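What follows is the content of target04.pdb (PDB, C-alpha atoms).
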```
ATOM      1  CA  MET A 115       0.000   0.000   0.000  1.00  0.00           C
ATOM      2  CA  ALA A 116       1.719   3.066  -1.220  1.00  0.00           C
ATOM      3  CA  GLY A 117       1.509   6.222   0.938  1.00  0.00           C
ATOM      4  CA  PHE A 118       0.606   4.414   4.146  1.00  0.00           C
ATOM      5  CA  VAL A 119       3.034   4.095   6.999  1.00  0.00           C
ATOM      6  CA  HIS A 120       2.495   1.258   9.406  1.00  0.00           C
ATOM      7  CA  VAL A 121       2.308   2.553  12.973  1.00  0.00           C
ATOM      8  CA  PRO A 122       2.577  -0.252  15.501  1.00  0.00           C
ATOM      9  CA  ALA A 123      -0.126  -0.427  18.151  1.00  0.00           C
ATOM     10  CA  PRO A 124       1.031   0.776  21.562  1.00  0.00           C
ATOM     11  CA  GLU A 125       2.110  -1.813  24.044  1.00  0.00           C
ATOM     12  CA  PRO A 126      -0.830  -2.725  26.295  1.00  0.00           C
ATOM     13  CA  SER A 127       1.259  -1.857  29.326  1.00  0.00           C
ATOM     14  CA  SER A 128       1.383   1.802  28.241  1.00  0.00           C
ATOM     15  CA  LEU A 129      -2.403   2.106  28.191  1.00  0.00           C
ATOM     16  CA  CYS A 130      -3.214   1.992  31.876  1.00  0.00           C
ATOM     17  CA  HIS A 131      -2.037   3.674  35.050  1.00  0.00           C
ATOM     18  CA  ARG A 132      -3.973   3.752  38.269  1.00  0.00           C
ATOM     19  CA  ARG A 133      -4.081   7.008  40.212  1.00  0.00           C
ATOM     20  CA  GLU A 134      -2.588   6.497  43.658  1.00  0.00           C
ATOM     21  CA  GLY A 135      -2.956  10.111  44.771  1.00  0.00           C
ATOM     22  CA  VAL A 136      -3.684  13.440  43.163  1.00  0.00           C
ATOM     23  CA  GLY A 137      -1.610  13.643  39.999  1.00  0.00           C
ATOM     24  CA  GLU A 138       0.353  10.447  40.737  1.00  0.00           C
ATOM     25  CA  THR A 139       0.480   7.289  38.689  1.00  0.00           C
ATOM     26  CA  ALA A 140       1.688   3.884  39.702  1.00  0.00           C
ATOM     27  CA  ARG A 141       1.782   0.309  38.471  1.00  0.00           C
ATOM     28  CA  PHE A 142      -1.612  -1.336  38.575  1.00  0.00           C
ATOM     29  CA  ASP A 143      -1.159  -5.077  38.475  1.00  0.00           C
ATOM     30  CA  GLY A 144      -4.903  -5.681  38.369  1.00  0.00           C
ATOM     31  CA  CYS A 145      -5.255  -3.854  35.058  1.00  0.00           C
ATOM     32  CA  PRO A 146      -5.633  -6.039  31.981  1.00  0.00           C
ATOM     33  CA  ALA A 147      -3.137  -3.772  30.201  1.00  0.00           C
ATOM     34  CA  GLY A 148      -0.486  -4.290  32.887  1.00  0.00           C
ATOM     35  CA  GLY A 149       0.380  -0.648  33.596  1.00  0.00           C
ATOM     36  CA  ARG A 150       3.787   1.051  33.580  1.00  0.00           C
ATOM     37  CA  GLU A 151       5.094   3.798  35.791  1.00  0.00           C
ATOM     38  CA  ASP A 152       7.435   5.398  33.270  1.00  0.00           C
ATOM     39  CA  GLU A 153       4.873   6.529  30.687  1.00  0.00           C
ATOM     40  CA  PRO A 154       1.675   8.556  30.914  1.00  0.00           C
ATOM     41  CA  PRO A 155      -1.417   6.553  30.017  1.00  0.00           C
ATOM     42  CA  LEU A 156      -2.818   6.937  26.531  1.00  0.00           C
ATOM     43  CA  LEU A 157      -6.333   5.707  27.181  1.00  0.00           C
ATOM     44  CA  PRO A 158      -8.139   4.715  30.337  1.00  0.00           C
ATOM     45  CA  CYS A 159      -9.046   1.049  30.386  1.00  0.00           C
ATOM     46  CA  HIS A 160     -11.320   1.231  33.428  1.00  0.00           C
ATOM     47  CA  PRO A 161     -12.970   3.914  35.636  1.00  0.00           C
ATOM     48  CA  GLY A 162     -10.442   5.913  37.628  1.00  0.00           C
ATOM     49  CA  CYS A 163      -7.651   5.246  35.140  1.00  0.00           C
ATOM     50  CA  GLY A 164      -6.013   7.617  32.714  1.00  0.00           C
ATOM     51  CA  PRO A 165      -5.310  11.319  32.368  1.00  0.00           C
ATOM     52  CA  LEU A 166      -8.867  12.337  33.272  1.00  0.00           C
ATOM     53  CA  ALA A 167      -8.908  10.406  36.554  1.00  0.00           C
ATOM     54  CA  VAL A 168      -7.885  13.432  38.622  1.00  0.00           C
ATOM     55  CA  LEU A 169     -10.466  15.615  36.881  1.00  0.00           C
ATOM     56  CA  GLU A 170     -13.158  12.950  37.239  1.00  0.00           C
ATOM     57  CA  SER A 171     -12.483  12.546  40.937  1.00  0.00           C
ATOM     58  CA  ALA A 172     -12.537  16.332  41.457  1.00  0.00           C
ATOM     59  CA  VAL A 173     -15.846  16.598  39.591  1.00  0.00           C
ATOM     60  CA  ALA A 174     -17.287  13.698  41.581  1.00  0.00           C
ATOM     61  CA  ALA A 175     -16.099  15.229  44.863  1.00  0.00           C
ATOM     62  CA  ARG A 176     -17.691  18.547  43.918  1.00  0.00           C
ATOM     63  CA  ALA A 177     -20.949  16.808  43.014  1.00  0.00           C
ATOM     64  CA  VAL A 178     -20.966  15.024  46.377  1.00  0.00           C
ATOM     65  CA  ARG A 179     -20.323  18.314  48.220  1.00  0.00           C
ATOM     66  CA  GLU A 180     -23.126  20.019  46.287  1.00  0.00           C
ATOM     67  CA  ARG A 181     -25.517  17.165  47.087  1.00  0.00           C
ATOM     68  CA  GLU A 182     -24.607  17.269  50.779  1.00  0.00           C
ATOM     69  CA  HIS A 183     -25.157  21.039  50.791  1.00  0.00           C
ATOM     70  CA  ALA A 184     -28.569  20.656  49.121  1.00  0.00           C
ATOM     71  CA  ILE A 185     -29.638  17.982  51.628  1.00  0.00           C
ATOM     72  CA  THR A 186     -28.471  20.112  54.557  1.00  0.00           C
ATOM     73  CA  ARG A 187     -30.202  23.206  53.153  1.00  0.00           C
ATOM     74  CA  ARG A 188     -33.469  21.266  52.748  1.00  0.00           C
ATOM     75  CA  ALA A 189     -33.287  19.967  56.326  1.00  0.00           C
ATOM     76  CA  LEU A 190     -32.633  23.469  57.669  1.00  0.00           C
ATOM     77  CA  ASP A 191     -35.510  24.842  55.593  1.00  0.00           C
ATOM     78  CA  LEU A 192     -37.847  22.148  56.952  1.00  0.00           C
ATOM     79  CA  ALA A 193     -36.771  22.921  60.526  1.00  0.00           C
ATOM     80  CA  GLU A 194     -37.208  26.668  60.038  1.00  0.00           C
ATOM     81  CA  HIS A 195     -40.624  26.195  58.445  1.00  0.00           C
ATOM     82  CA  ALA A 196     -41.710  24.008  61.381  1.00  0.00           C
ATOM     83  CA  VAL A 197     -40.510  26.475  64.025  1.00  0.00           C
ATOM     84  CA  ARG A 198     -41.811  29.599  62.302  1.00  0.00           C
ATOM     85  CA  GLY A 199     -45.100  27.868  61.433  1.00  0.00           C
ATOM     86  CA  GLY A 200     -45.627  26.569  64.957  1.00  0.00           C
ATOM     87  CA  ALA A 201     -45.567  22.880  64.028  1.00  0.00           C
ATOM     88  CA  ALA A 202     -46.479  20.716  66.990  1.00  0.00           C
ATOM     89  CA  TRP A 203     -43.328  18.584  66.716  1.00  0.00           C
ATOM     90  CA  ALA A 204     -41.063  21.664  66.970  1.00  0.00           C
ATOM     91  CA  LYS A 205     -42.682  23.197  70.071  1.00  0.00           C
ATOM     92  CA  PRO A 206     -40.868  21.038  72.658  1.00  0.00           C
ATOM     93  CA  PHE A 207     -37.572  22.483  71.408  1.00  0.00           C
ATOM     94  CA  GLY A 208     -38.540  26.076  72.132  1.00  0.00           C
ATOM     95  CA  LEU A 209     -37.249  29.044  70.179  1.00  0.00           C
ATOM     96  CA  PRO A 210     -33.724  29.583  68.874  1.00  0.00           C
ATOM     97  CA  PRO A 211     -31.328  30.662  71.630  1.00  0.00           C
ATOM     98  CA  PRO A 212     -30.274  34.345  71.559  1.00  0.00           C
ATOM     99  CA  SER A 213     -26.551  33.652  71.099  1.00  0.00           C
ATOM    100  CA  PRO A 214     -25.732  33.337  67.355  1.00  0.00           C
ATOM    101  CA  ALA A 215     -23.286  30.460  67.904  1.00  0.00           C
ATOM    102  CA  VAL A 216     -25.688  28.542  70.144  1.00  0.00           C
ATOM    103  CA  ALA A 217     -28.582  29.286  67.777  1.00  0.00           C
ATOM    104  CA  LYS A 218     -26.619  27.826  64.854  1.00  0.00           C
ATOM    105  CA  ALA A 219     -25.931  24.655  66.847  1.00  0.00           C
ATOM    106  CA  TRP A 220     -29.619  24.534  67.826  1.00  0.00           C
ATOM    107  CA  TRP A 221     -30.769  24.871  64.185  1.00  0.00           C
ATOM    108  CA  ASP A 222     -28.287  22.195  63.102  1.00  0.00           C
ATOM    109  CA  ARG A 223     -29.699  19.745  65.658  1.00  0.00           C
ATOM    110  CA  LEU A 224     -33.271  20.588  64.797  1.00  0.00           C
ATOM    111  CA  ALA A 225     -32.435  20.023  61.113  1.00  0.00           C
ATOM    112  CA  VAL A 226     -31.393  16.451  61.970  1.00  0.00           C
ATOM    113  CA  VAL A 227     -34.826  15.848  63.508  1.00  0.00           C
ATOM    114  CA  ALA A 228     -36.540  17.428  60.487  1.00  0.00           C
ATOM    115  CA  ALA A 229     -34.436  15.342  58.095  1.00  0.00           C
ATOM    116  CA  TYR A 230     -35.408  12.166  59.959  1.00  0.00           C
ATOM    117  CA  GLN A 231     -39.080  13.041  59.765  1.00  0.00           C
ATOM    118  CA  ASP A 232     -38.804  13.860  56.087  1.00  0.00           C
ATOM    119  CA  ARG A 233     -36.764  10.769  55.194  1.00  0.00           C
ATOM    120  CA  TRP A 234     -38.931   8.309  57.080  1.00  0.00           C
ATOM    121  CA  GLY A 235     -42.316  10.011  56.595  1.00  0.00           C
ATOM    122  CA  THR A 236     -43.134  10.451  60.270  1.00  0.00           C
ATOM    123  CA  THR A 237     -46.810  11.371  60.578  1.00  0.00           C
ATOM    124  CA  THR A 238     -47.644  10.384  64.154  1.00  0.00           C
ATOM    125  CA  LEU A 239     -48.047  12.735  67.103  1.00  0.00           C
ATOM    126  CA  SER A 240     -44.722  11.537  68.478  1.00  0.00           C
ATOM    127  CA  ILE A 241     -41.819  13.664  67.208  1.00  0.00           C
ATOM    128  CA  LEU A 242     -39.892  10.678  65.855  1.00  0.00           C
ATOM    129  CA  GLY A 243     -42.794   8.323  65.329  1.00  0.00           C
ATOM    130  CA  GLU A 244     -43.582   5.174  67.214  1.00  0.00           C
ATOM    131  CA  VAL A 245     -40.743   2.823  68.074  1.00  0.00           C
ATOM    132  CA  ASN A 246     -42.757  -0.145  66.846  1.00  0.00           C
ATOM    133  CA  GLY A 247     -43.000   1.582  63.451  1.00  0.00           C
ATOM    134  CA  ILE A 248     -39.293   1.185  62.736  1.00  0.00           C
ATOM    135  CA  ARG A 249     -38.856  -0.874  59.581  1.00  0.00           C
ATOM    136  CA  SER A 250     -35.077  -1.308  59.266  1.00  0.00           C
ATOM    137  CA  PHE A 251     -31.735  -1.127  61.045  1.00  0.00           C
ATOM    138  CA  GLN A 252     -30.958   2.008  59.038  1.00  0.00           C
ATOM    139  CA  GLN A 253     -34.130   3.688  60.279  1.00  0.00           C
ATOM    140  CA  ALA A 254     -33.318   2.658  63.853  1.00  0.00           C
ATOM    141  CA  ALA A 255     -29.843   4.197  63.546  1.00  0.00           C
ATOM    142  CA  HIS A 256     -31.283   7.382  62.025  1.00  0.00           C
ATOM    143  CA  ARG A 257     -33.901   7.542  64.774  1.00  0.00           C
ATOM    144  CA  ALA A 258     -31.254   7.217  67.491  1.00  0.00           C
ATOM    145  CA  ARG A 259     -29.256  10.039  65.892  1.00  0.00           C
ATOM    146  CA  ALA A 260     -32.352  12.236  65.592  1.00  0.00           C
ATOM    147  CA  GLN A 261     -33.261  11.505  69.214  1.00  0.00           C
ATOM    148  CA  ARG A 262     -29.797  12.566  70.398  1.00  0.00           C
ATOM    149  CA  ALA A 263     -30.005  15.694  68.225  1.00  0.00           C
ATOM    150  CA  GLY A 264     -33.432  16.538  69.663  1.00  0.00           C
ATOM    151  CA  GLN A 265     -32.183  16.126  73.213  1.00  0.00           C
ATOM    152  CA  GLU A 266     -29.230  18.376  72.445  1.00  0.00           C
ATOM    153  CA  ALA A 267     -31.507  20.988  70.806  1.00  0.00           C
ATOM    154  CA  ALA A 268     -33.742  21.029  73.900  1.00  0.00           C
ATOM    155  CA  ARG A 269     -30.671  21.388  76.126  1.00  0.00           C
ATOM    156  CA  LEU A 270     -29.336  24.265  74.018  1.00  0.00           C
ATOM    157  CA  ALA A 271     -32.721  26.003  74.288  1.00  0.00           C
ATOM    158  CA  GLY A 272     -32.738  25.517  78.068  1.00  0.00           C
ATOM    159  CA  ARG A 273     -35.658  23.078  77.882  1.00  0.00           C
ATOM    160  CA  HIS A 274     -34.014  19.883  78.984  1.00  0.00           C
ATOM    161  CA  ARG A 275     -35.136  18.000  82.012  1.00  0.00           C
ATOM    162  CA  ARG A 276     -32.470  17.400  84.559  1.00  0.00           C
ATOM    163  CA  PRO A 277     -32.453  13.850  85.839  1.00  0.00           C
ATOM    164  CA  GLN A 278     -33.908  13.636  89.301  1.00  0.00           C
ATOM    165  CA  PRO A 279     -31.586  12.118  91.887  1.00  0.00           C
ATOM    166  CA  ARG A 280     -32.641   8.650  92.890  1.00  0.00           C
ATOM    167  CA  PRO A 281     -33.457   8.224  96.546  1.00  0.00           C
ATOM    168  CA  ARG A 282     -30.866   6.166  98.334  1.00  0.00           C
ATOM    169  CA  ALA A 283     -31.936   2.949  99.881  1.00  0.00           C
ATOM    170  CA  ALA A 284     -31.561   3.055 103.640  1.00  0.00           C
TER     171      ALA A 284
END
```

So that I can check it, write out the structure of this file as structure tokens.
Amino acid sequence: MAGFVHVPAPEPSSLCHRREGVGETARFDGCPAGGREDEPPLLPCHPGCGPLAVLESAVAARAVREREHAITRRALDLAEHAVRGGAAWAKPFGLPPPSPAVAKAWWDRLAVVAAYQDRWGTTTLSILGEVNGIRSFQQAAHRARAQRAGQEAARLAGRHRRPQPRPRAA
């Protein structure tokens, strides 16, 4: 074939490098292409491999942060709506404390309770729903966290009950 120059295919070992840290490459024995440390990868052979791995992980990290922010913002909005609207479940926690730092902590804890209610669809008169209505280990763990957050919110608002000393047996 006149006019064509044969270009050999790259060695498979030059096609893959696994990112060990930001901007680093290293041998990846699990890669079908073998991987080599001394050359930049030409093409990724699997997710997380190749020159775009750092960019992909940065984009993914940003997406996760944005999602976490949106979830937190929704929980805070639900808590604020409940307090400002006089929702029955929010009344035991009182009003936000006057100190800005304590008020922020109070809102954060109340947001955990609101997030629990929203996530698990609590519709009973009890703030966290009935214990016998728990349907999974995940819900039980979330409920325990929301209960601790509610107790802390009440304490921050000065509405906690101090445990009564037990009478000593004579």

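Checking A:Asp191, A:Ala202, A:Arg273, A:Ser171 one by one against Thr237 of chain A, counting only C-alpha atoms, you find the shortest gap at A:Ala202.
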
Resolved residues for the PyMOL selection byres ((chain A and resi 207) around 8) as number ranges by chain = A: 204-206, 208-209, 264, 267-268, 271, 273

query = Could you work out how far atom CA of Thr236 of chain A lies from atom CA of Phe251 of chain A, giving the answer in Å with one decimal?
reply =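 Rounded to one decimal, the two atoms are 16.3 Å apart.
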
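Going from atom CA of Gln231 of chain A to atom CA of Ala175 of chain A covers 27.5 Å.
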
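Comparing the minimum interatomic distances between Tyr230 of chain A and each of A:Ala201, A:Ala177, A:Ala193, A:Pro211, counting all atoms listed in the file, we find that A:Ala193 sits nearest.
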
Residue members of the PyMOL selection byres ((chain A and resi 188) around 12) in the file shown, as an MDAnalysis selection string = chainID A and resid 181:187 189:195 222 225:226 228:230 232:233

Box in all listed atoms of segment 219-232 of chain A, axis-aligned, with 4 Å more on each side; write out centre and edge lengths in Å to one decimal as AutoDock Vina command-line options.
```
--center_x -32.5 --center_y 18.5 --center_z 62.0 --size_x 21.1 --size_y 20.7 --size_z 19.7
```

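In this model, the gap between atom CA of Trp220 of chain A and atom CA of Gly200 of chain A comes to 16.4 Å.
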
message = Within 10 Å of (-38.6, 3.9, 57.5) in the file's own coordinates, which protein, DNA or RNA residues have an atom, counting only C-alpha atoms? List them as a ChimeraX atom specification.
response = /A:230-231,233-236,243,247-254,256-257

For Ser240 of chain A, the nearest of the candidates A:Arg223, A:Ala215, A:Ala174, A:Trp203, counting only C-alpha atoms =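 That would be A:Trp203, the residue with the smallest distance to Ser240 of chain A.
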
message = So, with only C-alpha atoms as the atoms that count, which of A:Glu244, A:Pro214, A:Arg176, A:Leu224 lies closest to Arg262 of chain A?
response = A:Leu224
